[in-house]
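*Asks:* If you scroll down you'll find the structure; I have some questions about it.
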Amino acid sequence: MQNFIRKTWVIADFEIRKILHDPTEVLVRAVQPALWLLIFGQVMARTRLIPGENYLDFMSPGILAQSVLFVSIFYGIAIIWERDLGLTHKFLATPTPRTALVLGKAISAGIRCIPLLFIIYILAALLSVHVLWDPVNIIGIIFLLILGAILFSTFSLIIACLVKTRERFMGIGQLMTMPLFFASNAIYPIDIMPGWLKIISHFNPLTYMIDGMRLLMIGTPSGFSLLTDCTVLAISSAVFVLIGGSLYKRVII
Amino acid sequence: MAIVETKKLTRNFGSFTAVDSLDMNIEAGEAFALLGPNGAGKTTAIKMLTTLLPVTSGEAFICGFNVTTQPNKVRRVIGYVPQMLSVDGTLTGMENLLLFARLYDIPSKECKPRVLDSLAFMGLIDAAKKPVHEYSGGMIRRLEIAQSMLHRPPVLFLDEPTVGLDPIACKTVWEHILQLKKEYNTTILMTTHLMDEAEHLCNRVAFLSRGKLVASGTPQELKDSIHKPGSTLEDAFIHYTSETLSDANNYSNISRERKTAKRLG
């Protein structure tokens, strides 16, 4: 177990160092959530979609979760890129557990998203969103963010191991992102969804991530309870890491 | 006792047999080259021996460990330099090596001295803190070899170590491989398309054709075996593998080689 944790951290450290050497990617990734908040959010706030609630308050945690989803879901392309480079071969030829390779990369996807959290918090505050600045809440959000990133990035890695080429992956990546986003409570509440979509949203892990984030970021009472949100994300992540660990070697075959 | 041993080693991809009943023995301290046209099965054989590819049938042992049933033990006794690039361009040479030192379970106190030692051995100490994307092709190859030797493995696999390098860079890489062999008595199994490379570095050479081992021996034995006065290793290679030369180069092999050559500048 100690070996597993140590190796997982080595892989995560490897990825973090890459971000530190070239942080521009993180800043570029902040453009999309900024546009959602500054344009879509401000326009939708005028429609008074949710009676008695400030739409930007409602939407900000959803946009944070969306950013995590978008960063993580395309993580598989990095796996294909590393395979093409030869790095994956090198990793697989070391005595490192495959699940540690997968989990280390997944954790680094979460760490990659942390700067986005602070950028979104600052933007939200500038837009007069009633953000809770309690450090305990922020730590809780980081925990949920990392769990969500692990889940979606390993899901992406699994797809990459199956489709193996960048071209196929890009198509499937687009196909996965939008249904996950629209079948969640990111930009509208579950209550106003049609019945069939309500059912689907309950099977969508993004819904639970947003539910927990909404509680911790703006104090909206949780629809499922924070414990349920964390449990769903943790169990799904663990299952995906195990599947990813067993499939990872397939990416080079 | 052979340090690398294969018995009827076979790998199929659907109905295509990439490596066909390969029997091979390599003694400790030997440098052995697998030669063959593109698609002959050299890289597939190396991938099976480095535990990257499951074996379809037959057996392979490295330092007595079975590649199928004891893959983790095999990974601890081998170093592997793939044909493609295997270092990260955004990180420095030092960082690349430190990370792999930790993956090879080198105790934390020993990591840095071992990395500095390896960089010095490969003549890269002055470039240790430079990002790898600023390295020349020859420096990258030497860094990759240093990375594979951090845990002092008894067996080193080199898959076309000089592909895409200019003659001067090739020569420097050769010198370092020979030095490595001399200093650490490392057993080397390499693939190459360059006959002079095989002749210069290796004690023994084997020709692969359509996945089968068609001839093996010392370079001199192979030259003599074709009974042609003044023959070269290239003549022997053509003699044993010519029937596959025209149709073996497929799109993915060519693409991989050109990509590697392009990245090495």
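Chains: A, B, ... in order of the structure tokens. Residues: from 1 per chain. Ligands: from 1, in order shown.
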When you look at A:Ala106 with a cut-off of 8 Å (counting only C-alpha atoms), what residues show up, excluding the ones that are within fewer than 6 positions of it in the same chain? I need them as a CSV table (one decimal) with N, CA and C atoms, in the first residue's frame.
*Replies:*
```csv
chain,number,residue,atom,x,y,z
A,12,ALA,N,1.8,11.9,-10.0
A,12,ALA,CA,1.2,13.2,-9.9
A,12,ALA,C,2.2,14.3,-9.9
A,149,ALA,N,-12.5,15.3,-10.7
A,149,ALA,CA,-11.5,15.2,-11.8
A,149,ALA,C,-11.0,13.8,-11.9
A,150,ILE,N,-10.8,13.1,-10.8
A,150,ILE,CA,-10.3,11.7,-10.9
A,150,ILE,C,-11.4,10.9,-11.7
A,151,LEU,N,-12.6,11.1,-11.3
A,151,LEU,CA,-13.7,10.3,-12.0
A,151,LEU,C,-13.7,10.6,-13.5
A,153,SER,N,-11.5,12.1,-15.5
A,153,SER,CA,-10.2,11.9,-16.2
A,153,SER,C,-10.0,10.4,-16.4
A,154,THR,N,-10.4,9.5,-15.4
A,154,THR,CA,-10.2,8.1,-15.6
A,154,THR,C,-11.2,7.6,-16.6
```
*Asks:* Where does chain A meet chain B within 7 Å, residue by residue, with the nearest atom pair and distance in Å to one decimal for each, counting only C-alpha atoms, listed by chain and rising number, as a tab-separated table?
*Replies:*
```
residue	atom	partner	partner_atom	distance
A:Lys7	CA	B:Leu103	CA	6.3
A:Val10	CA	B:Leu99	CA	6.5
A:Phe14	CA	B:Leu99	CA	6.7
A:Lys18	CA	B:Thr90	CA	6.2
A:His21	CA	B:Thr90	CA	6.6
A:Leu85	CA	B:Leu85	CA	5.3
A:Gly86	CA	B:Ser86	CA	4.7
A:Leu87	CA	B:Ser86	CA	4.3
A:Lys90	CA	B:Ser86	CA	6.2
A:Leu92	CA	B:Leu52	CA	6.7
A:Ala93	CA	B:Arg75	CA	5.8
A:Thr94	CA	B:Arg75	CA	5.5
A:Pro95	CA	B:Arg75	CA	5.3
A:Thr96	CA	B:Leu103	CA	6.4
A:Ile253	CA	B:Leu53	CA	6.9
```
*Asks:* Just list the residues in stretch 198-228 of chain B DSSP gives helix (DSSP H, G or I) on the backbone, as a PyMOL selection string.
*Replies:* chain B and resi 198-201+219-225
*Asks:* Could you find all residues in stretch 73-215 of chain B that DSSP calls strand (DSSP E or B) from the backbone, and write them as an MDAnalysis selection string?
*Replies:* chainID B and resid 78:81 92 131 155:159 187:192 204:209 212:215
*Asks:* Please compute the atom CA of A:Leu162-atom CA of A:Gly245 distance, one decimal, in Å.
*Replies:*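 Atom CA of A:Leu162 sits 12.8 Å away from atom CA of A:Gly245.
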*Asks:* Pick from A:Leu175, A:Leu147, A:Val26, A:Ala160: nearest to A:Thr231, with only C-alpha atoms counted?
*Replies:*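 Closest residue, counting only C-alpha atoms: A:Leu147.
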*Asks:* For atom CA of B:Leu34 and atom CA of B:Met190, quote the distance in Å rounded to one decimal.
*Replies:*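 Rounded to one decimal, the two atoms are 6.1 Å apart.
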*Asks:* Give me, please, the distance in Å between atom CA of A:Asn3 and atom CA of A:Arg98, quoted to one decimal.
*Replies:*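 One can read the atom CA of A:Asn3 to atom CA of A:Arg98 distance as 12.1 Å.
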